[in-house]
Each structure stands twice: as C-alpha cells, then as structure tokens.
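Okay, model_0.cif now, which holds mmCIF, C-alpha atoms:
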```
data_run
#
loop_
_atom_site.group_PDB
_atom_site.id
_atom_site.type_symbol
_atom_site.label_atom_id
_atom_site.label_comp_id
_atom_site.auth_asym_id
_atom_site.auth_seq_id
_atom_site.Cartn_x
_atom_site.Cartn_y
_atom_site.Cartn_z
ATOM 1 C CA MET C 180 103.697 148.923 121.724
ATOM 2 C CA LYS C 181 104.972 151.875 123.742
ATOM 3 C CA VAL C 182 107.766 153.756 121.995
ATOM 4 C CA CYS C 183 110.156 156.344 123.414
ATOM 5 C CA LEU C 184 111.179 158.867 120.750
ATOM 6 C CA THR C 185 114.046 161.323 121.086
ATOM 7 C CA GLY C 186 114.157 164.366 118.811
ATOM 8 C CA GLY C 187 110.428 164.065 118.205
ATOM 9 C CA ASN C 188 109.933 167.823 117.891
ATOM 10 C CA GLY C 189 112.570 168.184 115.160
ATOM 11 C CA PHE C 190 112.262 168.009 111.403
ATOM 12 C CA VAL C 191 112.661 164.255 110.870
ATOM 13 C CA GLY C 192 111.484 163.301 114.349
ATOM 14 C CA SER C 193 108.161 165.105 113.920
ATOM 15 C CA HIS C 194 107.437 163.004 110.835
ATOM 16 C CA ILE C 195 108.291 159.857 112.777
ATOM 17 C CA LEU C 196 105.851 160.956 115.485
ATOM 18 C CA ASP C 197 103.200 161.478 112.809
ATOM 19 C CA GLY C 198 103.760 157.868 111.731
ATOM 20 C CA LEU C 199 103.621 156.498 115.260
ATOM 21 C CA GLN C 200 100.378 158.329 115.970
ATOM 22 C CA LYS C 201 98.829 157.189 112.704
ATOM 23 C CA ALA C 202 99.759 153.604 113.601
ATOM 24 C CA GLY C 203 98.060 154.010 116.981
ATOM 25 C CA MET C 204 101.203 153.422 119.025
ATOM 26 C CA LYS C 205 101.692 154.845 122.485
ATOM 27 C CA SER C 206 104.508 157.376 122.457
ATOM 28 C CA VAL C 207 106.632 159.073 125.062
ATOM 29 C CA LEU C 208 108.700 162.029 123.908
ATOM 30 C CA LEU C 209 111.957 163.156 125.440
ATOM 31 C CA LEU C 210 111.848 166.963 125.199
ATOM 32 C CA ARG C 211 113.759 169.905 126.548
ATOM 33 C CA ARG C 212 111.508 172.305 128.458
ATOM 34 C CA THR C 213 112.580 175.062 126.067
ATOM 35 C CA GLY C 214 112.069 172.912 122.966
ATOM 36 C CA ASP C 215 110.055 174.251 120.031
ATOM 37 C CA THR C 216 106.931 172.096 119.658
ATOM 38 C CA ARG C 217 105.177 173.901 116.802
ATOM 39 C CA PHE C 218 105.507 170.910 114.444
ATOM 40 C CA ILE C 219 103.942 168.475 116.904
ATOM 41 C CA ALA C 220 101.384 170.708 118.621
ATOM 42 C CA ARG C 221 98.460 168.593 117.415
ATOM 43 C CA HIS C 222 99.929 165.494 119.079
ATOM 44 C CA LEU C 223 100.856 166.908 122.473
ATOM 45 C CA ASP C 224 97.602 165.982 124.215
ATOM 46 C CA GLN C 225 97.884 162.409 122.911
ATOM 47 C CA VAL C 226 101.456 161.564 123.953
ATOM 48 C CA GLU C 227 103.402 161.281 127.174
ATOM 49 C CA ILE C 228 106.130 163.891 127.602
ATOM 50 C CA SER C 229 109.260 163.380 129.661
ATOM 51 C CA TYR C 230 111.466 166.426 130.073
ATOM 52 C CA GLY C 231 115.221 166.106 129.962
ATOM 53 C CA SER C 232 118.251 166.037 127.688
ATOM 54 C CA LEU C 233 120.662 163.502 126.251
ATOM 55 C CA GLY C 234 123.201 164.651 128.816
ATOM 56 C CA ASP C 235 120.990 163.730 131.787
ATOM 57 C CA LEU C 236 121.189 159.982 132.392
ATOM 58 C CA ASP C 237 118.576 160.057 135.164
ATOM 59 C CA ALA C 238 116.083 161.846 132.920
ATOM 60 C CA LEU C 239 116.736 159.362 130.130
ATOM 61 C CA THR C 240 116.215 156.410 132.442
ATOM 62 C CA THR C 241 112.913 157.900 133.627
ATOM 63 C CA ALA C 242 111.726 158.589 130.074
ATOM 64 C CA LEU C 243 112.345 154.975 129.071
ATOM 65 C CA HIS C 244 110.356 153.468 131.944
ATOM 66 C CA GLY C 245 107.742 151.137 130.494
ATOM 67 C CA ALA C 246 108.901 151.573 126.911
ATOM 68 C CA GLU C 247 109.100 148.530 124.634
ATOM 69 C CA ALA C 248 111.104 150.263 121.897
ATOM 70 C CA VAL C 249 113.362 153.293 121.481
ATOM 71 C CA ILE C 250 113.686 155.457 118.380
ATOM 72 C CA HIS C 251 116.716 157.675 118.797
ATOM 73 C CA CYS C 252 116.354 160.540 116.336
ATOM 74 C CA ALA C 253 117.833 163.449 118.297
ATOM 75 C CA GLY C 254 121.080 164.800 116.877
ATOM 76 C CA LYS C 255 123.008 167.799 115.636
ATOM 77 C CA THR C 256 123.306 168.411 111.888
ATOM 78 C CA LYS C 257 124.987 171.825 112.003
ATOM 79 C CA VAL C 258 126.998 173.427 114.777
ATOM 80 C CA ILE C 259 129.215 176.373 115.633
ATOM 81 C CA ARG C 260 131.928 174.159 117.146
ATOM 82 C CA HIS C 261 132.710 170.533 116.332
ATOM 83 C CA SER C 262 132.568 169.660 120.025
ATOM 84 C CA GLU C 263 128.777 170.020 119.794
ATOM 85 C CA TYR C 264 128.688 167.071 117.388
ATOM 86 C CA GLU C 265 130.624 164.991 119.886
ATOM 87 C CA GLU C 266 128.430 166.046 122.821
ATOM 88 C CA VAL C 267 125.159 165.140 121.111
ATOM 89 C CA ASN C 268 125.754 162.651 118.286
ATOM 90 C CA ASP C 269 128.432 160.658 120.103
ATOM 91 C CA ALA C 270 128.086 161.115 123.878
ATOM 92 C CA GLY C 271 124.314 161.657 123.691
ATOM 93 C CA THR C 272 123.873 158.343 121.904
ATOM 94 C CA ARG C 273 126.075 156.568 124.429
ATOM 95 C CA HIS C 274 123.880 157.975 127.192
ATOM 96 C CA ILE C 275 120.571 156.879 125.640
ATOM 97 C CA VAL C 276 122.015 153.403 125.026
ATOM 98 C CA ALA C 277 123.155 153.186 128.654
ATOM 99 C CA ALA C 278 119.704 154.266 129.849
ATOM 100 C CA ALA C 279 118.016 151.737 127.561
ATOM 101 C CA ASN C 280 120.243 148.997 128.959
ATOM 102 C CA THR C 281 118.829 149.635 132.434
ATOM 103 C CA HIS C 282 115.436 148.645 130.974
ATOM 104 C CA ALA C 283 116.725 145.727 128.909
ATOM 105 C CA ASP C 284 114.044 143.482 130.418
ATOM 106 C CA SER C 285 111.272 145.516 128.756
ATOM 107 C CA ILE C 286 112.839 147.274 125.735
ATOM 108 C CA ARG C 287 112.921 144.900 122.784
ATOM 109 C CA HIS C 288 114.155 147.119 119.958
ATOM 110 C CA PHE C 289 116.460 150.151 119.658
ATOM 111 C CA ILE C 290 116.325 152.065 116.363
ATOM 112 C CA HIS C 291 119.038 154.629 115.741
ATOM 113 C CA ILE C 292 118.634 157.306 113.052
ATOM 114 C CA SER C 293 122.102 157.858 111.640
ATOM 115 C CA SER C 294 123.141 159.303 108.276
ATOM 116 C CA LEU C 295 124.535 158.453 104.847
ATOM 117 C CA ALA C 296 127.425 160.703 105.940
ATOM 118 C CA VAL C 297 128.699 157.640 107.829
ATOM 119 C CA SER C 298 128.867 155.448 104.721
ATOM 120 C CA GLY C 299 130.602 158.225 102.819
ATOM 121 C CA PRO C 300 130.461 159.320 99.189
ATOM 122 C CA GLY C 301 129.141 157.144 96.392
ATOM 123 C CA THR C 302 128.526 157.467 92.676
ATOM 124 C CA ILE C 303 125.992 155.971 90.284
ATOM 125 C CA THR C 304 128.432 153.258 89.233
ATOM 126 C CA GLN C 305 129.816 152.732 92.736
ATOM 127 C CA PRO C 306 127.096 153.579 95.267
ATOM 128 C CA ALA C 307 127.815 153.521 98.987
ATOM 129 C CA ARG C 308 126.831 150.188 100.542
ATOM 130 C CA GLU C 309 125.958 149.354 104.121
ATOM 131 C CA ASN C 310 128.395 146.423 104.336
ATOM 132 C CA ALA C 311 131.395 148.471 103.165
ATOM 133 C CA PRO C 312 133.764 150.069 105.704
ATOM 134 C CA PRO C 313 132.431 153.497 106.757
ATOM 135 C CA GLN C 314 134.187 156.405 105.041
ATOM 136 C CA PRO C 315 132.915 159.668 106.592
ATOM 137 C CA VAL C 316 134.571 162.779 105.172
ATOM 138 C CA SER C 317 133.306 165.294 107.747
ATOM 139 C CA ALA C 318 133.266 165.831 111.495
ATOM 140 C CA TYR C 319 129.490 165.368 111.338
ATOM 141 C CA GLY C 320 129.862 161.977 109.662
ATOM 142 C CA ARG C 321 132.525 160.882 112.145
ATOM 143 C CA SER C 322 130.308 161.867 115.088
ATOM 144 C CA LYS C 323 127.411 159.856 113.673
ATOM 145 C CA LEU C 324 129.739 156.891 113.173
ATOM 146 C CA ALA C 325 130.757 157.157 116.831
ATOM 147 C CA GLY C 326 127.072 157.051 117.781
ATOM 148 C CA GLU C 327 126.536 153.973 115.627
ATOM 149 C CA THR C 328 129.499 152.289 117.293
ATOM 150 C CA ALA C 329 127.924 152.883 120.699
ATOM 151 C CA VAL C 330 124.728 151.224 119.507
ATOM 152 C CA ARG C 331 126.414 148.239 117.864
ATOM 153 C CA LYS C 332 128.846 147.518 120.694
ATOM 154 C CA ASN C 333 126.828 148.380 123.793
ATOM 155 C CA CYS C 334 123.121 147.752 123.127
ATOM 156 C CA ARG C 335 121.813 144.810 125.161
ATOM 157 C CA MET C 336 118.657 144.571 123.065
ATOM 158 C CA ALA C 337 118.028 144.129 119.339
ATOM 159 C CA TRP C 338 119.057 147.193 117.345
ATOM 160 C CA THR C 339 118.622 148.635 113.877
ATOM 161 C CA ILE C 340 120.506 151.558 112.342
ATOM 162 C CA LEU C 341 119.043 153.653 109.525
ATOM 163 C CA ARG C 342 121.279 155.833 107.373
ATOM 164 C CA PRO C 343 118.992 158.176 105.423
ATOM 165 C CA ALA C 344 120.412 160.152 102.524
ATOM 166 C CA ALA C 345 119.999 163.941 102.721
ATOM 167 C CA VAL C 346 116.445 164.458 103.964
ATOM 168 C CA TYR C 347 114.044 167.080 102.599
ATOM 169 C CA GLY C 348 110.335 167.746 102.935
ATOM 170 C CA PRO C 349 107.763 169.806 104.838
ATOM 171 C CA ARG C 350 109.175 171.540 107.953
ATOM 172 C CA ASP C 351 112.772 171.456 106.708
ATOM 173 C CA ARG C 352 114.775 174.668 107.022
ATOM 174 C CA ASP C 353 117.955 173.646 105.211
ATOM 175 C CA PHE C 354 116.548 172.803 101.780
ATOM 176 C CA PHE C 355 114.247 175.784 102.264
ATOM 177 C CA ASN C 356 117.247 177.965 101.423
ATOM 178 C CA VAL C 357 117.368 176.315 98.009
ATOM 179 C CA PHE C 358 113.677 177.051 97.421
ATOM 180 C CA LYS C 359 114.248 180.678 98.425
ATOM 181 C CA ALA C 360 117.147 181.023 95.994
ATOM 182 C CA VAL C 361 115.084 179.617 93.138
ATOM 183 C CA LYS C 362 112.247 181.993 93.959
ATOM 184 C CA LEU C 363 114.785 184.805 93.473
ATOM 185 C CA HIS C 364 115.472 183.348 90.009
ATOM 186 C CA LEU C 365 118.857 181.973 91.072
ATOM 187 C CA MET C 366 120.134 178.420 90.623
ATOM 188 C CA PRO C 367 123.272 178.084 92.812
ATOM 189 C CA LEU C 368 125.301 175.115 91.594
ATOM 190 C CA PHE C 369 128.401 173.824 93.346
ATOM 191 C CA ASP C 370 131.152 173.104 90.838
ATOM 192 C CA SER C 371 129.397 171.883 87.669
ATOM 193 C CA GLY C 372 126.078 170.936 89.251
ATOM 194 C CA HIS C 373 126.556 167.353 88.042
ATOM 195 C CA GLN C 374 127.214 165.764 91.455
ATOM 196 C CA PRO C 375 124.847 162.750 91.675
ATOM 197 C CA LEU C 376 122.670 162.593 94.772
ATOM 198 C CA SER C 377 120.365 160.288 96.636
ATOM 199 C CA LEU C 378 117.669 162.070 98.631
ATOM 200 C CA ALA C 379 115.096 160.913 101.159
ATOM 201 C CA PHE C 380 111.661 162.481 101.603
ATOM 202 C CA ALA C 381 111.026 162.920 105.337
ATOM 203 C CA PRO C 382 107.701 161.003 105.497
ATOM 204 C CA ASP C 383 109.447 158.134 103.679
ATOM 205 C CA VAL C 384 112.125 158.039 106.379
ATOM 206 C CA ALA C 385 109.343 157.810 108.952
ATOM 207 C CA ALA C 386 107.764 154.970 106.974
ATOM 208 C CA ALA C 387 111.115 153.137 106.964
ATOM 209 C CA VAL C 388 111.303 153.454 110.750
ATOM 210 C CA LEU C 389 107.814 151.978 111.113
ATOM 211 C CA ALA C 390 108.730 149.161 108.720
ATOM 212 C CA CYS C 391 111.722 148.267 110.917
ATOM 213 C CA LEU C 392 110.016 148.626 114.282
ATOM 214 C CA GLY C 393 109.697 145.206 115.885
ATOM 215 C CA HIS C 394 110.603 143.403 112.650
ATOM 216 C CA ARG C 395 112.798 140.378 113.271
ATOM 217 C CA LYS C 396 114.710 140.681 109.994
ATOM 218 C CA ALA C 397 115.675 144.293 110.798
ATOM 219 C CA CYS C 398 117.495 143.340 113.992
ATOM 220 C CA GLY C 399 121.248 143.824 113.862
ATOM 221 C CA LYS C 400 121.030 145.470 110.434
ATOM 222 C CA ILE C 401 122.122 148.799 108.952
ATOM 223 C CA TYR C 402 119.929 150.205 106.173
ATOM 224 C CA HIS C 403 120.206 153.100 103.754
ATOM 225 C CA VAL C 404 116.982 154.990 103.107
ATOM 226 C CA ALA C 405 116.629 156.966 99.877
ATOM 227 C CA ALA C 406 114.432 157.351 96.844
ATOM 228 C CA THR C 407 115.514 155.953 93.500
ATOM 229 C CA PRO C 408 116.798 156.805 91.003
ATOM 230 C CA PRO C 409 119.443 159.359 92.051
ATOM 231 C CA PHE C 410 119.751 162.685 90.247
ATOM 232 C CA SER C 411 122.101 165.643 89.971
ATOM 233 C CA ASN C 412 122.146 168.929 91.871
ATOM 234 C CA GLU C 413 121.043 170.700 88.729
ATOM 235 C CA GLU C 414 118.142 168.296 88.156
ATOM 236 C CA LEU C 415 116.933 168.929 91.717
ATOM 237 C CA LEU C 416 117.005 172.701 91.313
ATOM 238 C CA GLN C 417 115.427 172.503 87.888
ATOM 239 C CA GLU C 418 112.543 170.452 89.301
ATOM 240 C CA ILE C 419 111.997 173.101 91.980
ATOM 241 C CA ALA C 420 112.150 175.868 89.362
ATOM 242 C CA THR C 421 109.679 174.089 87.107
ATOM 243 C CA GLN C 422 107.166 173.644 89.904
ATOM 244 C CA MET C 423 107.600 177.258 90.982
ATOM 245 C CA GLY C 424 107.167 178.458 87.419
ATOM 246 C CA VAL C 425 110.421 180.413 87.251
ATOM 247 C CA ARG C 426 113.438 180.414 84.919
ATOM 248 C CA PRO C 427 116.443 180.874 87.219
ATOM 249 C CA LEU C 428 119.912 182.049 86.304
ATOM 250 C CA ARG C 429 122.571 179.343 86.712
ATOM 251 C CA VAL C 430 125.194 180.545 89.224
ATOM 252 C CA ILE C 431 128.249 178.300 89.253
ATOM 253 C CA LEU C 432 130.195 178.271 92.531
ATOM 254 C CA PRO C 433 133.638 176.814 91.655
ATOM 255 C CA ARG C 434 135.594 174.656 94.074
ATOM 256 C CA ALA C 435 138.149 177.435 94.611
ATOM 257 C CA VAL C 436 135.607 179.658 96.360
ATOM 258 C CA LEU C 437 133.899 176.997 98.481
ATOM 259 C CA CYS C 438 136.470 176.745 101.303
ATOM 260 C CA PRO C 439 136.790 180.538 101.762
ATOM 261 C CA LEU C 440 133.015 180.836 101.651
ATOM 262 C CA GLY C 441 132.646 178.069 104.233
ATOM 263 C CA GLY C 442 135.235 179.782 106.461
ATOM 264 C CA LEU C 443 133.382 183.081 106.190
ATOM 265 C CA GLN C 444 130.116 181.408 107.155
ATOM 266 C CA GLU C 445 131.811 179.915 110.223
ATOM 267 C CA VAL C 446 132.953 183.354 111.354
ATOM 268 C CA LEU C 447 129.454 184.758 110.880
ATOM 269 C CA ALA C 448 127.988 181.813 112.790
ATOM 270 C CA ARG C 449 130.259 182.463 115.769
ATOM 271 C CA LEU C 450 129.414 186.160 115.741
ATOM 272 C CA SER C 451 125.679 185.559 115.543
ATOM 273 C CA GLY C 452 125.614 182.483 117.768
ATOM 274 C CA ARG C 453 123.603 180.656 115.105
ATOM 275 C CA PRO C 454 125.110 177.844 112.995
ATOM 276 C CA GLY C 455 124.755 178.245 109.249
ATOM 277 C CA ILE C 456 124.091 175.657 106.570
ATOM 278 C CA LEU C 457 127.577 176.097 105.067
ATOM 279 C CA SER C 458 130.919 175.511 106.788
ATOM 280 C CA ARG C 459 134.336 174.163 105.873
ATOM 281 C CA ASP C 460 133.147 170.809 107.215
ATOM 282 C CA LYS C 461 130.128 170.911 104.899
ATOM 283 C CA VAL C 462 132.381 171.888 101.989
ATOM 284 C CA ARG C 463 134.201 168.554 102.382
ATOM 285 C CA GLU C 464 130.889 166.812 101.721
ATOM 286 C CA ILE C 465 129.996 169.131 98.835
ATOM 287 C CA GLN C 466 133.311 168.413 97.123
ATOM 288 C CA ALA C 467 132.771 164.639 97.151
ATOM 289 C CA PRO C 468 132.224 163.015 93.729
ATOM 290 C CA GLY C 469 128.653 162.097 94.687
ATOM 291 C CA TRP C 470 126.305 160.975 97.440
ATOM 292 C CA VAL C 471 124.576 157.953 95.969
ATOM 293 C CA CYS C 472 123.670 154.960 98.125
ATOM 294 C CA ALA C 473 122.424 151.460 97.446
ATOM 295 C CA THR C 474 119.011 150.674 98.937
ATOM 296 C CA GLU C 475 118.526 147.029 97.956
ATOM 297 C CA ARG C 476 119.124 145.684 101.478
ATOM 298 C CA ILE C 477 116.033 147.194 103.123
ATOM 299 C CA GLU C 478 113.905 146.268 100.118
ATOM 300 C CA LYS C 479 115.107 142.665 100.224
ATOM 301 C CA ASP C 480 114.707 142.250 103.995
ATOM 302 C CA LEU C 481 111.552 144.252 104.644
ATOM 303 C CA GLY C 482 109.980 144.854 101.244
ATOM 304 C CA PHE C 483 110.415 148.588 101.789
ATOM 305 C CA SER C 484 111.285 151.103 99.107
ATOM 306 C CA ALA C 485 110.906 154.860 99.478
ATOM 307 C CA PRO C 486 107.638 155.546 97.636
ATOM 308 C CA THR C 487 107.917 159.279 96.918
ATOM 309 C CA PRO C 488 109.580 160.315 93.635
ATOM 310 C CA LEU C 489 111.329 163.665 93.350
ATOM 311 C CA ASP C 490 108.533 165.513 91.550
ATOM 312 C CA LYS C 491 105.915 164.541 94.132
ATOM 313 C CA GLY C 492 108.262 165.225 97.050
ATOM 314 C CA VAL C 493 109.123 168.685 95.750
ATOM 315 C CA ALA C 494 105.440 169.415 95.114
ATOM 316 C CA ARG C 495 104.412 168.463 98.648
ATOM 317 C CA THR C 496 107.296 170.403 100.154
ATOM 318 C CA LEU C 497 106.566 173.502 98.083
ATOM 319 C CA GLU C 498 102.882 173.315 98.984
ATOM 320 C CA TRP C 499 103.763 173.185 102.695
ATOM 321 C CA TYR C 500 106.161 176.156 102.457
ATOM 322 C CA ARG C 501 103.481 178.215 100.715
ATOM 323 C CA ARG C 502 100.744 177.188 103.124
ATOM 324 C CA GLN C 503 102.906 178.211 106.076
ATOM 325 C CA GLY C 504 103.744 181.540 104.479
ATOM 326 C CA TRP C 505 107.435 180.703 104.195
ATOM 327 C CA LEU C 506 107.411 181.382 100.455
#
```

Mind converting the file's structure to structure tokens?
Amino acid sequence: MKVCLTGGNGFVGSHILDGLQKAGMKSVLLLRRTGDTRFIARHLDQVEISYGSLGDLDALTTALHGAEAVIHCAGKTKVIRHSEYEEVNDAGTRHIVAAANTHADSIRHFIHISSLAVSGPGTITQPARENAPPQPVSAYGRSKLAGETAVRKNCRMAWTILRPAAVYGPRDRDFFNVFKAVKLHLMPLFDSGHQPLSLAFAPDVAAAVLACLGHRKACGKIYHVAATPPFSNEELLQEIATQMGVRPLRVILPRAVLCPLGGLQEVLARLSGRPGILSRDKVREIQAPGWVCATERIEKDLGFSAPTPLDKGVARTLEWYRRQGWL
C-alpha cells in the first residue's frame, strides 16, 4: 500500500512515519521546502517527497497521485493568532480532502489525526466519549472540529478520525518544558494538581494509525487514543521526578493567576514571533475539570489498546532527551 502522509516531519507525524517504514509500506511525504527534517533524516532516502503546503491545492493533488491511503497529521497546536488555527486545521484539512477526492478512484482510506480537544473535558466518572456531541472549550479544539467536519461531510472515500489525548514522548518540545522544570527541582501544578488526565505516548498513536489503516471496521469511525488508567497532573510530575532522581518543590499556580499569565505569554509570543505553550486559549483547557476519555471503542472494534504505561513512557522519553543532550 502506498500512503501519503502530511505532517510527517513533525512530532507525532515522525512516529507515524517510523511505523509505516517498519511495516514496509511505500510512503510519500508532503513537506515544505523549508521544513525541519531532523527527526526523519534516516528515512529520507527511502520515501518519496512531494513539496508543497496545505494551502496549495495543485501541490496536494500531485502529492496524492498513486496513493492508496492518506494520513493527514499536519496541524497547528499553538499559534500567535487564532486565524492560524483556521488556516491550517480547518482550511488545510478541507484542501487535503478536496485533493483526495480528485483521486477517489485510487485512494481507499483517509485517516485524519484530530484531538481529544474536540470531544472536550471528561472526568474519571464521566469520561469523554466519541459518540457524545463535541464540546471543545478552546479555539484549537473548535478548529480541529471544523477539520473533522470537512472529513465527515466531504470525503468520497472511507475515512477514520483519531482523537488522541495529549501526546508526549521522544521528540516532543511541549512536555519537555515539564521535564526541564522538574530538573530544576520545581513541580508546577495548576490549581491543586488533581486534574485527571488521559495521555497518549507518541509511538502508541502511530500504532493506532497502523491498526486502523485499511481496516474495514475502522471506516466511518471516530476513536480516542490514550493509555489507561488516567492519572493526575501531580502523579505525572511525580513520576518524572522519581525517574530523574530529584525531590522537587511543589509550586501551586492558582486559577486567579492563570489568565493574566496566559495573556502575558501571548504578548511575549507576538513580540518574539514565536508561539508559546501557554495562552489564554490554553488556560481554558487547563481550567477544565479533567481530560479523561473513554477508549473502549477502538479496543472493541480493532483489538487495540495503547500498550505503554506511564512509567515506561516517561522512561523512554527521558532517555531520548538525555541522549539528544536536551537534558
């Protein structure tokens, strides 16, 4: 099977490419000419590369020539202006769907990597479920929902949508900030630190994509992807601290300071031209009662469950950060 992958040089996309290569599948990558390819350098002589962007319909149509499946992973997770979410997560998805439709005679499966941010918050007793009405609380979540809508309403071939929980693992720069804080003997906790979370280890997300690819039961379905059981913010940071061998100081960041802090980070992002991990939009997600999702659907349909528990995922991530000289 020949697969066209968007976002293949990014954090999650690079792990998906690893999985495709390990499975011996032919891959074509849609890349910008200025894209950073450090994470996929070892694969570049084994894959086909098609240069272009999600805003260039002609380039997308060319990239999809001869493909039998599409994995759409490209997207924005943090921005300086909300319009960037709309340009990439919404309009960009509409464009790749339109391009795929021009090859509907050859493309059999379209897999869209979305986000738990579409489902919305969930708790241990009331986890978010795929069949419930979407309840995004952020501009990011709403933009991903718009992308999903484009897939569900416009795709002329079989489609599957994956909504991973917050993704961590080797190559990630966002959770890396948490590891850096712990190394400085600090444990930053939003509110009480008791917010329950589902997380997804990046190679497990890639494994979920491979499990769905070409599978009849996955067609027309939306799946959460996350490890079980969920845990709290504090439990996550404590696991990192334990594996790093440090005893960090608990630093509680109350709700009252989160919005001003997010606003300040937005100003700094505009001045520097680089989006930060925190914003007022992100604060809306942080202030939710929890981000727990149900994962029974993908296990029932495909027999897939995320295999990496928190301790092993943190260990592998920490090892990678150290090996790369990041920590």

Please evaluate the PyMOL selection byres ((chain C and resi 433) around 10) against the structure above and give the resulting residues as a list of chain:residue names.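 Written out, the selection comes to C:Leu368, C:Phe369, C:Asp370, C:Ser371, C:Gly372, C:Val430, C:Ile431, C:Leu432, C:Arg434, C:Ala435, C:Val436, C:Leu437.
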
Atomic distance atom CA of C:Glu445 - atom CA of C:Arg352, expressed in Å with one decimal: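 Distance between the two atoms: 18.1 Å.
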
Could you pull the residues within 12 Å of stretch 232-246 of chain C, counting all atoms listed in the file, minus those fewer than 5 positions along the same chain, as a PDB file with C-alpha atoms, in the coordinates of the input?
```pdb
ATOM      1  CA  MET C 180     103.697 148.923 121.724  1.00  0.00           C
ATOM      2  CA  LYS C 181     104.972 151.875 123.742  1.00  0.00           C
ATOM      3  CA  VAL C 182     107.766 153.756 121.995  1.00  0.00           C
ATOM      4  CA  CYS C 183     110.156 156.344 123.414  1.00  0.00           C
ATOM      5  CA  LEU C 184     111.179 158.867 120.750  1.00  0.00           C
ATOM      6  CA  THR C 185     114.046 161.323 121.086  1.00  0.00           C
ATOM      7  CA  GLY C 186     114.157 164.366 118.811  1.00  0.00           C
ATOM      8  CA  MET C 204     101.203 153.422 119.025  1.00  0.00           C
ATOM      9  CA  LYS C 205     101.692 154.845 122.485  1.00  0.00           C
ATOM     10  CA  SER C 206     104.508 157.376 122.457  1.00  0.00           C
ATOM     11  CA  VAL C 207     106.632 159.073 125.062  1.00  0.00           C
ATOM     12  CA  LEU C 208     108.700 162.029 123.908  1.00  0.00           C
ATOM     13  CA  LEU C 209     111.957 163.156 125.440  1.00  0.00           C
ATOM     14  CA  LEU C 210     111.848 166.963 125.199  1.00  0.00           C
ATOM     15  CA  ARG C 211     113.759 169.905 126.548  1.00  0.00           C
ATOM     16  CA  ARG C 212     111.508 172.305 128.458  1.00  0.00           C
ATOM     17  CA  THR C 213     112.580 175.062 126.067  1.00  0.00           C
ATOM     18  CA  GLY C 214     112.069 172.912 122.966  1.00  0.00           C
ATOM     19  CA  GLU C 227     103.402 161.281 127.174  1.00  0.00           C
ATOM     20  CA  HIS C 251     116.716 157.675 118.797  1.00  0.00           C
ATOM     21  CA  CYS C 252     116.354 160.540 116.336  1.00  0.00           C
ATOM     22  CA  ALA C 253     117.833 163.449 118.297  1.00  0.00           C
ATOM     23  CA  GLY C 254     121.080 164.800 116.877  1.00  0.00           C
ATOM     24  CA  LYS C 255     123.008 167.799 115.636  1.00  0.00           C
ATOM     25  CA  GLU C 263     128.777 170.020 119.794  1.00  0.00           C
ATOM     26  CA  GLU C 265     130.624 164.991 119.886  1.00  0.00           C
ATOM     27  CA  GLU C 266     128.430 166.046 122.821  1.00  0.00           C
ATOM     28  CA  VAL C 267     125.159 165.140 121.111  1.00  0.00           C
ATOM     29  CA  ASN C 268     125.754 162.651 118.286  1.00  0.00           C
ATOM     30  CA  ASP C 269     128.432 160.658 120.103  1.00  0.00           C
ATOM     31  CA  ALA C 270     128.086 161.115 123.878  1.00  0.00           C
ATOM     32  CA  GLY C 271     124.314 161.657 123.691  1.00  0.00           C
ATOM     33  CA  THR C 272     123.873 158.343 121.904  1.00  0.00           C
ATOM     34  CA  ARG C 273     126.075 156.568 124.429  1.00  0.00           C
ATOM     35  CA  HIS C 274     123.880 157.975 127.192  1.00  0.00           C
ATOM     36  CA  ILE C 275     120.571 156.879 125.640  1.00  0.00           C
ATOM     37  CA  VAL C 276     122.015 153.403 125.026  1.00  0.00           C
ATOM     38  CA  ALA C 277     123.155 153.186 128.654  1.00  0.00           C
ATOM     39  CA  ALA C 278     119.704 154.266 129.849  1.00  0.00           C
ATOM     40  CA  ALA C 279     118.016 151.737 127.561  1.00  0.00           C
ATOM     41  CA  ASN C 280     120.243 148.997 128.959  1.00  0.00           C
ATOM     42  CA  THR C 281     118.829 149.635 132.434  1.00  0.00           C
ATOM     43  CA  HIS C 282     115.436 148.645 130.974  1.00  0.00           C
ATOM     44  CA  ALA C 283     116.725 145.727 128.909  1.00  0.00           C
ATOM     45  CA  ASP C 284     114.044 143.482 130.418  1.00  0.00           C
ATOM     46  CA  SER C 285     111.272 145.516 128.756  1.00  0.00           C
ATOM     47  CA  ILE C 286     112.839 147.274 125.735  1.00  0.00           C
ATOM     48  CA  ARG C 287     112.921 144.900 122.784  1.00  0.00           C
ATOM     49  CA  HIS C 288     114.155 147.119 119.958  1.00  0.00           C
ATOM     50  CA  PHE C 289     116.460 150.151 119.658  1.00  0.00           C
TER      51      PHE C 289
END
```

Please determine, counting all atoms listed in the file, which residue among C:Lys201, C:His291, C:Arg342, C:Lys359 has the shortest atom-to-atom distance to C:Ala420.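 That would be C:Lys359, the residue with the smallest distance to C:Ala420.
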
Interatomic distance (Å, one decimal) between atom CA of C:Val226 and atom CA of C:Gln200: 8.7 Å

When distances are computed from all atoms listed in the file, which of C:Gly192, C:Pro468, C:Gly301, C:Gly504 shows the smallest separation from C:Val346? C:Gly192

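Under the PyMOL selection byres ((chain C and resi 258) around 10), the matching residues in the shown file are Lys255, Thr256, Lys257, Ile259, Arg260, His261, Ser262, Glu263, Tyr264, Tyr319, Glu445, Ala448, Arg449, Gly452, Arg453, Pro454, Gly455, Ile456 and Ser458 of chain C.
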
Near C:Val191, counting only C-alpha atoms, which residues have an atom at most 10 Å away, once you skip same-chain residues fewer than 4 positions from it, shown as a VMD selection string? chain C and resid 186 to 187 195 to 196 252 to 253 292 346 to 351 380 to 385

The PyMOL selection byres ((chain C and resi 503) around 12) applied to the shown file, residues as a PyMOL selection string: chain C and resi 217-218+349-351+496-502+504-506

Counting only C-alpha atoms, figure out which residue out of C:Ala390, C:Leu450, C:Leu378, C:Lys461 gets nearest to C:Gly492.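 Distance minimum relative to C:Gly492 lands on C:Leu378.
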
How many Å lie between atom CA of C:Asn188 and atom CA of C:Ala220, rounded to one decimal? 9.1 Å

Around stretch 339-357 of chain C, fit a box with edges along x, y and z, padding it by 3 Å on each side, then list its centre and edge lengths in Å to one decimal as lines of an AutoDock Vina configuration file.
```
center_x = 114.5
center_y = 163.3
center_z = 105.9
size_x = 19.5
size_y = 35.3
size_z = 21.9
```
